[in-house]
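Have a look at query-v3.txt below; it lists compact mmCIF, C-alpha atoms and all ligand atoms.
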```
# COMPACT_ATOMS: atom_id res chain seq x y z
CA LYS A 1 0.00 0.00 0.00
CA VAL A 2 2.81 2.42 0.90
CA LEU A 3 4.65 1.70 -2.36
CA GLY A 4 1.44 2.07 -4.37
CA ASP A 5 0.48 5.32 -2.63
CA ALA A 6 4.01 6.59 -3.32
CA GLY A 7 3.45 5.97 -7.05
CA ALA A 8 5.21 2.63 -7.68
CA GLU A 9 3.76 -0.19 -9.77
CA VAL A 10 3.56 -3.11 -7.31
CA MET A 11 3.19 -6.84 -7.84
CA ILE A 12 2.69 -8.95 -4.72
CA TRP A 13 3.64 -12.63 -4.70
CA ALA A 14 1.15 -14.56 -2.57
CA ARG A 15 1.02 -18.29 -1.95
CA ARG A 16 -2.78 -18.67 -1.83
CA PRO A 17 -4.75 -18.02 -5.05
CA GLU A 18 -7.72 -16.60 -3.10
CA VAL A 19 -5.46 -13.96 -1.51
CA ALA A 20 -3.94 -12.99 -4.89
CA ASP A 21 -7.45 -12.91 -6.47
CA ALA A 22 -8.88 -10.64 -3.74
CA ILE A 23 -5.97 -8.20 -4.09
CA ARG A 24 -6.19 -8.20 -7.89
CA THR A 25 -9.95 -8.00 -8.30
CA LYS A 26 -11.23 -6.34 -5.11
CA HIS A 27 -8.11 -4.36 -4.10
CA ALA A 28 -8.44 -5.93 -0.66
CA ASN A 29 -6.75 -8.46 1.62
CA PRO A 30 -9.73 -9.08 3.93
CA GLU A 31 -8.09 -11.70 6.16
CA TYR A 32 -5.07 -9.55 7.05
CA LEU A 33 -6.27 -5.96 6.55
CA PRO A 34 -10.09 -5.91 6.77
CA GLY A 35 -11.66 -2.70 5.49
CA VAL A 36 -8.47 -1.41 3.83
CA VAL A 37 -8.62 -0.52 0.12
CA LEU A 38 -5.36 -1.06 -1.75
CA PRO A 39 -4.28 1.30 -4.54
CA ASP A 40 -5.22 0.25 -8.10
CA ARG A 41 -1.55 -0.06 -9.05
CA VAL A 42 -1.07 -2.93 -6.56
CA GLY A 43 -1.45 -6.28 -8.31
CA ALA A 44 -0.91 -9.82 -7.06
CA THR A 45 0.03 -13.23 -8.45
CA THR A 46 0.89 -16.70 -7.18
CA ASP A 47 3.51 -17.05 -9.93
CA ALA A 48 6.94 -15.97 -8.62
CA PRO A 49 8.53 -15.37 -12.08
CA THR A 50 5.65 -12.99 -12.95
CA ALA A 51 6.05 -11.16 -9.64
CA PHE A 52 9.84 -10.80 -10.00
CA ALA A 53 9.95 -9.89 -13.72
CA GLY A 54 11.51 -6.48 -14.36
CA ALA A 55 11.44 -5.40 -10.70
CA ASP A 56 13.72 -2.52 -9.65
CA LEU A 57 13.00 -3.34 -6.02
CA LEU A 58 12.35 -6.71 -4.40
CA VAL A 59 10.74 -6.35 -0.96
CA PHE A 60 10.88 -9.42 1.27
CA ALA A 61 8.35 -9.88 4.10
CA VAL A 62 8.16 -13.62 4.76
CA PRO A 63 8.72 -14.98 8.29
CA SER A 64 12.43 -14.77 9.18
CA GLN A 65 12.82 -18.50 9.69
CA THR A 66 11.52 -19.31 6.18
CA LEU A 67 13.48 -16.64 4.28
CA ARG A 68 16.45 -18.90 3.50
CA ASP A 69 14.24 -21.59 1.91
CA ASN A 70 12.15 -19.07 -0.02
CA LEU A 71 15.21 -17.20 -1.32
CA THR A 72 17.07 -20.37 -2.25
CA GLY A 73 14.22 -21.32 -4.59
CA TRP A 74 13.96 -17.84 -6.12
CA ALA A 75 17.74 -17.49 -6.55
CA ARG A 76 18.04 -20.98 -8.13
CA ALA A 77 15.31 -20.07 -10.59
CA GLY A 78 17.37 -16.99 -11.58
CA LEU A 79 14.62 -14.56 -10.54
CA ILE A 80 16.90 -11.94 -8.91
CA GLY A 81 17.78 -9.19 -11.43
CA ARG A 82 21.38 -7.99 -11.85
CA ASP A 83 20.82 -4.46 -10.49
CA THR A 84 17.75 -5.00 -8.33
CA THR A 85 17.75 -3.54 -4.83
CA LEU A 86 16.80 -6.19 -2.27
CA VAL A 87 14.79 -4.80 0.65
CA SER A 88 14.18 -6.63 3.93
CA LEU A 89 11.20 -5.80 6.14
CA MET A 90 11.86 -8.75 8.44
CA LYS A 91 12.63 -8.44 12.15
CA GLY A 92 14.20 -11.71 13.22
CA ILE A 93 17.48 -13.56 13.66
CA GLU A 94 17.96 -16.94 12.00
CA LEU A 95 17.96 -19.94 14.33
CA GLY A 96 21.12 -22.03 14.19
CA THR A 97 23.24 -19.44 12.33
CA GLY A 98 22.56 -16.23 14.32
CA ARG A 99 22.42 -14.38 10.99
CA ARG A 100 20.49 -11.15 10.45
CA MET A 101 18.08 -11.16 7.50
CA SER A 102 20.31 -8.96 5.31
CA GLU A 103 23.12 -11.45 5.93
CA VAL A 104 20.89 -14.35 4.86
CA ILE A 105 19.98 -12.42 1.69
CA VAL A 106 23.65 -11.78 0.84
CA GLU A 107 24.63 -15.37 1.62
CA VAL A 108 21.88 -17.01 -0.43
CA THR A 109 21.80 -14.68 -3.44
CA GLY A 110 25.51 -13.80 -3.59
CA VAL A 111 24.73 -10.09 -4.15
CA GLU A 112 27.07 -7.43 -2.72
CA PRO A 113 25.93 -6.26 0.77
CA ASP A 114 25.46 -2.69 -0.51
CA ARG A 115 22.57 -3.89 -2.71
CA VAL A 116 20.55 -4.85 0.37
CA ALA A 117 18.44 -2.30 2.26
CA VAL A 118 16.49 -2.74 5.49
CA VAL A 119 13.28 -0.86 6.24
CA THR A 120 12.45 -0.83 9.95
CA GLY A 121 11.10 1.28 12.82
CA PRO A 122 7.84 1.66 14.78
CA ASN A 123 5.71 0.37 11.91
CA LEU A 124 2.65 -1.51 13.17
CA ALA A 125 1.02 -2.63 9.92
CA PRO A 126 -2.66 -1.96 10.82
CA GLU A 127 -1.86 1.71 11.63
CA ILE A 128 0.11 2.26 8.41
CA ALA A 129 -2.69 0.65 6.42
CA VAL A 130 -5.18 3.27 7.62
CA GLY A 131 -2.73 6.12 7.01
CA HIS A 132 -1.68 7.13 10.52
CA PRO A 133 1.47 9.30 10.35
CA THR A 134 4.41 6.91 10.69
CA ALA A 135 8.20 7.27 10.47
CA CYS A 136 10.72 4.62 9.52
CA VAL A 137 14.40 4.04 8.76
CA VAL A 138 15.89 2.88 5.46
CA ALA A 139 19.28 1.37 6.28
CA CYS A 140 21.80 0.55 3.56
CA ASP A 141 25.59 0.55 3.16
CA ASP A 142 25.10 2.42 -0.11
CA GLU A 143 23.87 5.97 0.64
CA GLU A 144 22.50 6.54 -2.86
CA ARG A 145 20.55 3.32 -2.78
CA ALA A 146 19.13 4.23 0.66
CA ALA A 147 18.02 7.59 -0.75
CA ALA A 148 16.42 5.87 -3.78
CA VAL A 149 14.43 3.52 -1.53
CA GLN A 150 13.52 6.48 0.69
CA SER A 151 11.98 8.38 -2.22
CA THR A 152 10.19 5.24 -3.47
CA ILE A 153 8.29 4.82 -0.16
CA PHE A 154 7.81 8.48 0.81
CA THR A 155 4.12 9.42 1.21
CA PRO A 156 2.24 12.08 3.23
CA TYR A 157 1.61 9.46 5.96
CA PHE A 158 4.91 7.52 5.76
CA ARG A 159 8.16 9.38 6.42
CA PRO A 160 11.42 7.45 5.86
CA TYR A 161 14.83 8.53 7.20
CA THR A 162 18.07 7.04 5.86
CA ASN A 163 20.72 5.40 8.06
CA ASP A 164 24.00 3.66 7.22
CA ASP A 165 24.02 1.35 10.27
CA VAL A 166 22.40 -1.78 8.83
CA LEU A 167 23.58 -3.97 11.70
CA GLY A 168 22.23 -1.69 14.45
CA CYS A 169 18.91 -1.13 12.67
CA GLU A 170 18.32 -4.84 12.13
CA LEU A 171 19.33 -5.78 15.65
CA GLY A 172 17.03 -3.13 17.13
CA GLY A 173 14.10 -4.58 15.15
CA ALA A 174 14.80 -8.17 16.18
CA VAL A 175 15.51 -7.65 19.89
CA LYS A 176 12.51 -5.37 20.46
CA ASN A 177 10.25 -8.34 19.68
CA VAL A 178 11.83 -10.25 22.57
CA ILE A 179 11.42 -7.30 24.95
CA ALA A 180 7.80 -6.91 23.73
CA LEU A 181 7.17 -10.53 24.73
CA ALA A 182 8.45 -9.64 28.23
CA CYS A 183 6.22 -6.52 28.36
CA GLY A 184 3.25 -8.61 27.28
CA MET A 185 3.96 -11.11 30.05
CA ALA A 186 3.97 -8.21 32.55
CA VAL A 187 0.63 -6.98 31.18
CA GLY A 188 -0.83 -10.51 31.33
CA MET A 189 0.28 -10.77 34.97
CA GLY A 190 -1.55 -7.53 35.80
CA LEU A 191 1.64 -5.51 36.37
CA GLY A 192 1.72 -1.79 35.68
CA ASP A 193 3.57 0.95 33.83
CA ASN A 194 6.62 1.04 36.13
CA THR A 195 7.33 -2.56 35.16
CA LYS A 196 6.86 -1.88 31.44
CA ALA A 197 9.07 1.24 31.60
CA ALA A 198 11.79 -0.74 33.40
CA LEU A 199 11.62 -3.53 30.82
CA ILE A 200 11.75 -1.07 27.91
CA THR A 201 14.70 0.85 29.37
CA ARG A 202 16.72 -2.15 30.51
CA GLY A 203 15.73 -3.93 27.29
CA LEU A 204 17.22 -1.06 25.33
CA ALA A 205 20.37 -1.29 27.47
CA GLU A 206 20.87 -4.97 26.65
CA THR A 207 20.06 -4.40 22.95
CA ALA A 208 22.68 -1.64 22.74
CA ARG A 209 25.21 -3.75 24.70
CA LEU A 210 24.94 -6.55 22.13
CA GLY A 211 24.85 -4.11 19.20
CA VAL A 212 27.97 -2.25 20.26
CA ARG A 213 29.84 -5.53 20.81
CA LEU A 214 28.90 -6.59 17.26
CA GLY A 215 29.99 -3.22 15.81
CA ALA A 216 26.78 -1.15 15.65
CA ASP A 217 26.64 2.62 16.22
CA PRO A 218 25.30 3.15 19.77
CA LEU A 219 23.27 6.18 18.57
CA THR A 220 21.18 3.91 16.34
CA PHE A 221 19.52 2.53 19.48
CA ALA A 222 18.29 6.02 20.45
CA GLY A 223 16.58 6.32 17.04
CA LEU A 224 13.48 4.96 15.29
CA ALA A 225 15.00 1.50 14.76
CA GLY A 226 15.90 1.24 18.47
CA LEU A 227 13.93 3.16 21.08
CA GLY A 228 11.19 4.05 18.57
CA ASP A 229 10.31 0.49 17.62
CA LEU A 230 10.81 -0.76 21.17
CA VAL A 231 8.35 1.75 22.65
CA GLY A 232 5.85 1.34 19.78
CA THR A 233 5.80 -2.43 20.08
CA CYS A 234 5.97 -2.76 23.87
CA MET A 235 3.13 -0.26 24.43
CA SER A 236 0.77 -1.40 21.66
CA PRO A 237 -2.03 -3.95 22.00
CA LEU A 238 -1.70 -4.29 18.18
CA SER A 239 1.71 -5.98 18.56
CA ARG A 240 1.60 -9.73 18.00
CA ASN A 241 4.71 -10.19 20.16
CA ARG A 242 3.26 -8.27 23.09
CA THR A 243 -0.10 -10.05 22.70
CA PHE A 244 1.65 -13.43 22.65
CA GLY A 245 3.47 -12.47 25.88
CA GLU A 246 0.15 -11.47 27.46
CA HIS A 247 -1.20 -14.96 26.88
CA LEU A 248 1.86 -16.47 28.55
CA GLY A 249 1.59 -13.95 31.42
CA ARG A 250 -1.99 -15.11 32.02
CA GLY A 251 -0.66 -18.63 32.51
CA GLU A 252 -1.49 -20.05 29.07
CA SER A 253 0.82 -22.53 27.35
CA LEU A 254 2.98 -21.76 24.32
CA GLU A 255 0.53 -23.73 22.17
CA GLN A 256 -2.49 -21.80 23.48
CA ALA A 257 -0.67 -18.52 22.81
CA ARG A 258 0.20 -19.66 19.27
CA ILE A 259 -3.41 -20.57 18.47
CA ALA A 260 -4.67 -17.24 19.86
CA THR A 261 -2.12 -15.08 17.99
CA ARG A 262 -2.19 -16.82 14.56
CA GLN A 263 0.22 -14.44 12.76
CA THR A 264 4.04 -14.39 12.75
CA VAL A 265 5.54 -13.79 16.23
CA GLU A 266 9.24 -13.35 15.49
CA GLY A 267 10.44 -12.98 19.10
CA VAL A 268 9.57 -16.57 20.04
CA ASN A 269 12.22 -18.05 17.75
CA SER A 270 14.55 -15.06 17.75
CA CYS A 271 14.92 -15.05 21.57
CA LEU A 272 16.82 -18.33 21.22
CA ALA A 273 19.03 -17.07 18.39
CA ILE A 274 19.70 -13.75 20.16
CA ARG A 275 20.51 -15.47 23.46
CA ASP A 276 23.03 -17.69 21.65
CA LEU A 277 24.51 -14.71 19.82
CA ALA A 278 24.88 -12.84 23.13
CA ARG A 279 26.43 -15.81 24.93
CA GLY A 280 28.80 -16.37 21.99
CA HIS A 281 30.02 -12.77 22.32
CA GLY A 282 30.10 -12.73 26.13
CA VAL A 283 27.27 -10.15 26.38
CA GLU A 284 24.80 -10.22 29.27
CA MET A 285 21.14 -10.08 28.15
CA PRO A 286 19.16 -10.97 31.28
CA ILE A 287 15.68 -10.13 29.92
CA THR A 288 16.29 -12.13 26.74
CA GLU A 289 17.58 -15.05 28.87
CA GLN A 290 14.37 -15.08 30.94
CA VAL A 291 12.08 -14.73 27.90
CA GLU A 292 13.81 -17.73 26.34
CA LEU A 293 13.30 -19.74 29.55
CA VAL A 294 9.58 -18.89 29.63
CA CYS A 295 9.05 -19.57 25.91
CA HIS A 296 11.12 -22.73 25.57
CA GLU A 297 11.81 -24.24 29.00
CA GLY A 298 8.39 -23.85 30.62
CA LEU A 299 9.52 -21.35 33.28
CA ALA A 300 6.60 -19.52 34.93
CA PRO A 301 6.63 -15.77 34.12
CA SER A 302 6.41 -14.97 37.86
CA VAL A 303 9.65 -16.90 38.43
CA ALA A 304 11.27 -14.99 35.56
CA VAL A 305 10.25 -11.66 37.14
CA ALA A 306 11.70 -12.74 40.50
CA ALA A 307 14.93 -13.83 38.81
CA LEU A 308 15.31 -10.42 37.13
CA MET A 309 14.51 -8.46 40.29
CA THR A 310 16.89 -10.39 42.56
CA ARG A 311 19.96 -10.22 40.33
CA GLU A 312 23.10 -8.78 41.93
CA PRO A 313 22.56 -4.99 42.49
CA LYS A 314 24.73 -2.91 40.15
CA PRO A 315 25.30 0.60 38.76
CA GLU A 316 23.05 1.64 35.88
N1 LIG B 1 3.01 -6.73 10.83
C1 LIG B 1 3.77 -5.71 11.22
O1 LIG B 1 3.29 -4.74 11.84
C2 LIG B 1 5.21 -5.69 10.89
C3 LIG B 1 5.89 -6.85 10.53
N2 LIG B 1 7.22 -6.79 10.26
C4 LIG B 1 7.97 -7.98 9.93
O2 LIG B 1 7.52 -8.53 8.70
C5 LIG B 1 7.79 -9.94 8.68
C6 LIG B 1 6.53 -10.66 8.24
O3 LIG B 1 5.56 -10.39 9.21
P1 LIG B 1 4.01 -10.15 8.88
O4 LIG B 1 3.78 -9.87 7.45
O5 LIG B 1 3.49 -9.17 9.85
O6 LIG B 1 3.49 -11.59 9.27
P2 LIG B 1 2.11 -12.30 8.86
O7 LIG B 1 2.04 -13.50 9.72
O8 LIG B 1 1.00 -11.30 8.87
O9 LIG B 1 2.36 -12.68 7.36
C7 LIG B 1 3.37 -13.57 7.01
C8 LIG B 1 3.06 -14.07 5.62
O10 LIG B 1 4.07 -15.02 5.28
C9 LIG B 1 3.42 -16.16 4.75
N3 LIG B 1 4.24 -17.33 5.00
C10 LIG B 1 4.25 -18.15 6.08
N4 LIG B 1 5.12 -19.15 5.91
C11 LIG B 1 5.69 -18.99 4.68
C12 LIG B 1 6.63 -19.71 3.93
N5 LIG B 1 7.16 -20.82 4.39
N6 LIG B 1 6.97 -19.22 2.72
C13 LIG B 1 6.41 -18.11 2.24
N7 LIG B 1 5.50 -17.38 2.91
C14 LIG B 1 5.14 -17.82 4.11
C15 LIG B 1 2.07 -16.23 5.42
O11 LIG B 1 1.15 -16.95 4.63
C16 LIG B 1 1.72 -14.75 5.51
O12 LIG B 1 1.08 -14.31 4.33
C17 LIG B 1 8.25 -10.31 10.10
O13 LIG B 1 9.64 -10.45 10.12
C18 LIG B 1 7.82 -9.11 10.93
O14 LIG B 1 8.66 -8.92 12.06
C19 LIG B 1 7.90 -5.62 10.27
C20 LIG B 1 7.28 -4.44 10.60
C21 LIG B 1 5.89 -4.40 10.97
O1 LIG B 2 7.46 -4.75 14.04
C1 LIG B 2 6.37 -4.35 14.35
C2 LIG B 2 6.11 -2.92 14.63
O2 LIG B 2 7.21 -2.11 14.30
C3 LIG B 2 5.24 -5.28 14.52
O3 LIG B 2 5.35 -5.89 15.75
P1 LIG B 2 4.64 -7.31 15.99
O4 LIG B 2 5.31 -8.28 15.06
O5 LIG B 2 4.88 -7.61 17.43
O6 LIG B 2 3.18 -7.11 15.67
```
Translate this structure into structure tokens?
Amino acid sequence: KVLGDAGAEVMIWARRPEVADAIRTKHANPEYLPGVVLPDRVGATTDAPTAFAGADLLVFAVPSQTLRDNLTGWARAGLIGRDTTLVSLMKGIELGTGRRMSEVIVEVTGVEPDRVAVVTGPNLAPEIAVGHPTACVVACDDEERAAAVQSTIFTPYFRPYTNDDVLGCELGGAVKNVIALACGMAVGMGLGDNTKAALITRGLAETARLGVRLGADPLTFAGLAGLGDLVGTCMSPLSRNRTFGEHLGRGESLEQARIATRQTVEGVNSCLAIRDLARGHGVEMPITEQVELVCHEGLAPSVAVAALMTREPKPE
């Protein structure tokens, strides 16, 4: 919708024919965005070669853990153009490899890293779809390419800023989902705003600690891709990650939370990958550690809260 409103000709690749048909014929995606009318210049197809043909920009928004498989198929079929800019909207870290999504794209397609851009920030899809003023970051090693993507997605309701810190921007987007799970757990347990504020602030501290160790610019975490996305996601009932955490905080099982949330909840897998990344680099991420224990080891959220509160006292 943003691309179409900004004047681009858009072709969506969808797996289900009924989704592609509804977008093509009714300009709607009723299951995901009920009531939203898509611009006429947004088309859809289930045929990947048709979707990829002649594209200047390829925008990837599949779940992070499936990207490698999806891309491998598309790259093998020779669908990636020679000069195409590859854009990632995904906010996750790959299980097993600890790779960011831009790294997976570079690894699978063999393109130079400066052809990959990341669009991130406080960008809850349902709010963008109804045109609420929203800001985002376009991160790319290549400044000109970042500026080109920026102008391609610039609309009166969507304001992109460029940034050259791809690593920091991607890490901010992935870790905030884990912290949003923790905030959701607090909400589900009936805890208040002090608790959420503490989780957001200390969550930002552990995100920046990992980012700086990996080579990110610390200032990135004070921007839209860091604090902005963290606050937006942790405070919003629209966030799938926070909602998933709420279910766990109310004492429901992982399976019950999955059934209730339905859509992609990146933090559940990424908390494992981020914890491993942090341990591998000797970085302390106590909130991420506890979220992983609740999501994957059956720890009760109340025990996780007690574990965080009774850690050794220390300077801020
Ligand atoms: N929804 C949001 O507000 C935002 C989402 N993102 C990121 O975008 C990425 C995608 O999330 P959403 O679109 O929100 O999730 P979603 O769950 O709404 O949609 C994911 C889509 O991927 C499809 N899919 C599932 N498995 C697949 C596979 N194996 N191969 C190909 N397609 C598959 C699903 O059918 C669905 O259409 C995530 O990394 C998320 O963090 C980023 C910013 C905002
Ligand atoms: O990334 C998002 C907002 O910036 C969307 O968050 P959820 O995936 O938790 O809904």
Tell me which protein, DNA and RNA residues are within 9 Å of A:Tyr161, counting only C-alpha atoms, leaving out same-chain ones fewer than 3 positions away, and put them as number ranges by chain. A: 135-139, 146-147, 150, 224
Correct to one decimal, the distance atom CA of A:Phe158-atom C4 of ligand LIG 1 (chain B) is 16.3 Å
What's the separation between atom C14 of ligand LIG 1 (chain B) and atom CA of A:Lys91, in Å to one decimal place? 14.4 Å
Nearby residues, ligand LIG 1 (chain B), 8 Å, all atoms listed in the file, as number ranges by chain: A: 14-16, 32, 61-64, 66-67, 69-70, 89-92, 120-126, 173-174, 177, 239-240, 262-266
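Minimum distance to ligand LIG 2 (chain B) across A:Asp276, A:Glu284, A:Asp229, A:Glu252 (counting all atoms listed in the file) occurs at A:Asp229.
Omitting A:Arg68 and its sequence neighbours fewer than 5 positions away, and counting only C-alpha atoms, the residues within 12 Å are Phe60, Val62, Pro63, Gly73, Trp74, Ala75, Arg76, Ile93, Glu94, Leu95, Thr97, Arg99, Arg100, Met101, Ser102, Glu103, Val104, Ile105, Val106, Glu107, Val108 and Thr109 of chain A.
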Keeping only C-alpha atoms, write those residues as a PDB file, in the frame of the given file.
```
ATOM      1  CA  PHE A  60      10.880  -9.420   1.270  1.00  0.00           C
ATOM      2  CA  VAL A  62       8.160 -13.620   4.760  1.00  0.00           C
ATOM      3  CA  PRO A  63       8.720 -14.980   8.290  1.00  0.00           C
ATOM      4  CA  GLY A  73      14.220 -21.320  -4.590  1.00  0.00           C
ATOM      5  CA  TRP A  74      13.960 -17.840  -6.120  1.00  0.00           C
ATOM      6  CA  ALA A  75      17.740 -17.490  -6.550  1.00  0.00           C
ATOM      7  CA  ARG A  76      18.040 -20.980  -8.130  1.00  0.00           C
ATOM      8  CA  ILE A  93      17.480 -13.560  13.660  1.00  0.00           C
ATOM      9  CA  GLU A  94      17.960 -16.940  12.000  1.00  0.00           C
ATOM     10  CA  LEU A  95      17.960 -19.940  14.330  1.00  0.00           C
ATOM     11  CA  THR A  97      23.240 -19.440  12.330  1.00  0.00           C
ATOM     12  CA  ARG A  99      22.420 -14.380  10.990  1.00  0.00           C
ATOM     13  CA  ARG A 100      20.490 -11.150  10.450  1.00  0.00           C
ATOM     14  CA  MET A 101      18.080 -11.160   7.500  1.00  0.00           C
ATOM     15  CA  SER A 102      20.310  -8.960   5.310  1.00  0.00           C
ATOM     16  CA  GLU A 103      23.120 -11.450   5.930  1.00  0.00           C
ATOM     17  CA  VAL A 104      20.890 -14.350   4.860  1.00  0.00           C
ATOM     18  CA  ILE A 105      19.980 -12.420   1.690  1.00  0.00           C
ATOM     19  CA  VAL A 106      23.650 -11.780   0.840  1.00  0.00           C
ATOM     20  CA  GLU A 107      24.630 -15.370   1.620  1.00  0.00           C
ATOM     21  CA  VAL A 108      21.880 -17.010  -0.430  1.00  0.00           C
ATOM     22  CA  THR A 109      21.800 -14.680  -3.440  1.00  0.00           C
TER      23      THR A 109
END
```
Would you compute the box with edges along x, y and z of the file around ligand LIG 2 (chain B), including every atom the file lists for it and 5 Å extra on each side, and give its centre and edge lengths in Å to one decimal, as JSON?
```
{"center_x": 5.3, "center_y": -5.2, "center_z": 15.7, "size_x": 14.3, "size_y": 16.2, "size_z": 13.4}
```
From the options A:Ile274, A:Ala180, A:Val303, A:Leu254, which residue's atoms come nearest to ligand LIG 2 (chain B), counting all atoms listed in the file? A:Ala180
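Of the residues under consideration (A:Leu3, A:Pro315, A:Ala77, A:Ala306), A:Leu3 shows the shortest atom-to-atom contact distance to A:Ser151 when counting only C-alpha atoms.
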Point-to-point distance from atom CA of A:Trp13 to atom CA of A:Gly35, Å rounded to tenths: 20.9 Å
Can you tell me, as a ChimeraX atom specification, what residues are no more than 9 Å from A:Ala257 when counting all atoms listed in the file, ignoring any on the same chain fewer than 4 positions away? /A:243-248,252-253,261-262
Keeping C-alpha atoms, export the residues of the selection given above as an mmCIF file, keeping the file's coordinate frame.
```cif
data_model
loop_
_atom_site.group_PDB
_atom_site.id
_atom_site.type_symbol
_atom_site.label_atom_id
_atom_site.label_comp_id
_atom_site.auth_asym_id
_atom_site.auth_seq_id
_atom_site.Cartn_x
_atom_site.Cartn_y
_atom_site.Cartn_z
ATOM 1 C CA THR A 243 -0.100 -10.050 22.700
ATOM 2 C CA PHE A 244 1.650 -13.430 22.650
ATOM 3 C CA GLY A 245 3.470 -12.470 25.880
ATOM 4 C CA GLU A 246 0.150 -11.470 27.460
ATOM 5 C CA HIS A 247 -1.200 -14.960 26.880
ATOM 6 C CA LEU A 248 1.860 -16.470 28.550
ATOM 7 C CA GLU A 252 -1.490 -20.050 29.070
ATOM 8 C CA SER A 253 0.820 -22.530 27.350
ATOM 9 C CA THR A 261 -2.120 -15.080 17.990
ATOM 10 C CA ARG A 262 -2.190 -16.820 14.560
#
```
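In this comparison, which uses only C-alpha atoms, the residue of A:Gln65, A:Gly184, A:Asp56, A:Pro39 approaching A:Leu238 most closely is A:Gly184.
Proximity of A:Arg258, A:Leu199, A:Leu277, A:Val231 to A:Leu308, computed with all atoms listed in the file, is greatest for A:Leu199.
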Select stretch 265-281 of chain A in the preceding structure and write N, CA and C atoms to a file as a tab-separated table (two decimals), in the first residue's frame.
```tsv
chain	number	residue	atom	x	y	z
A	265	VAL	N	5.07	-14.39	14.97
A	265	VAL	CA	5.54	-13.79	16.23
A	265	VAL	C	7.05	-14.05	16.30
A	266	GLU	N	7.81	-13.12	15.72
A	266	GLU	CA	9.24	-13.35	15.49
A	266	GLU	C	10.03	-13.60	16.78
A	267	GLY	N	9.63	-12.91	17.87
A	267	GLY	CA	10.44	-12.98	19.10
A	267	GLY	C	10.56	-14.38	19.67
A	268	VAL	N	9.57	-15.23	19.42
A	268	VAL	CA	9.57	-16.57	20.04
A	268	VAL	C	10.76	-17.40	19.54
A	269	ASN	N	11.03	-17.36	18.25
A	269	ASN	CA	12.22	-18.05	17.75
A	269	ASN	C	13.48	-17.21	17.95
A	270	SER	N	13.35	-15.91	17.72
A	270	SER	CA	14.55	-15.06	17.75
A	270	SER	C	15.15	-14.97	19.15
A	271	CYS	N	14.34	-15.15	20.21
A	271	CYS	CA	14.92	-15.05	21.57
A	271	CYS	C	16.01	-16.10	21.75
A	272	LEU	N	15.81	-17.26	21.14
A	272	LEU	CA	16.82	-18.33	21.22
A	272	LEU	C	18.09	-17.93	20.46
A	273	ALA	N	17.89	-17.44	19.23
A	273	ALA	CA	19.03	-17.07	18.39
A	273	ALA	C	19.79	-15.90	19.00
A	274	ILE	N	19.05	-14.94	19.58
A	274	ILE	CA	19.70	-13.75	20.16
A	274	ILE	C	20.43	-14.15	21.44
A	275	ARG	N	19.82	-15.01	22.24
A	275	ARG	CA	20.51	-15.47	23.46
A	275	ARG	C	21.83	-16.16	23.09
A	276	ASP	N	21.80	-16.99	22.06
A	276	ASP	CA	23.03	-17.69	21.65
A	276	ASP	C	24.08	-16.72	21.13
A	277	LEU	N	23.60	-15.73	20.35
A	277	LEU	CA	24.51	-14.71	19.82
A	277	LEU	C	25.18	-13.96	20.98
A	278	ALA	N	24.36	-13.59	21.98
A	278	ALA	CA	24.88	-12.84	23.13
A	278	ALA	C	25.89	-13.70	23.92
A	279	ARG	N	25.52	-14.93	24.18
A	279	ARG	CA	26.43	-15.81	24.93
A	279	ARG	C	27.74	-15.99	24.16
A	280	GLY	N	27.62	-16.16	22.83
A	280	GLY	CA	28.80	-16.37	21.99
A	280	GLY	C	29.75	-15.18	22.01
A	281	HIS	N	29.18	-13.99	22.29
A	281	HIS	CA	30.02	-12.77	22.32
A	281	HIS	C	30.23	-12.27	23.74
```
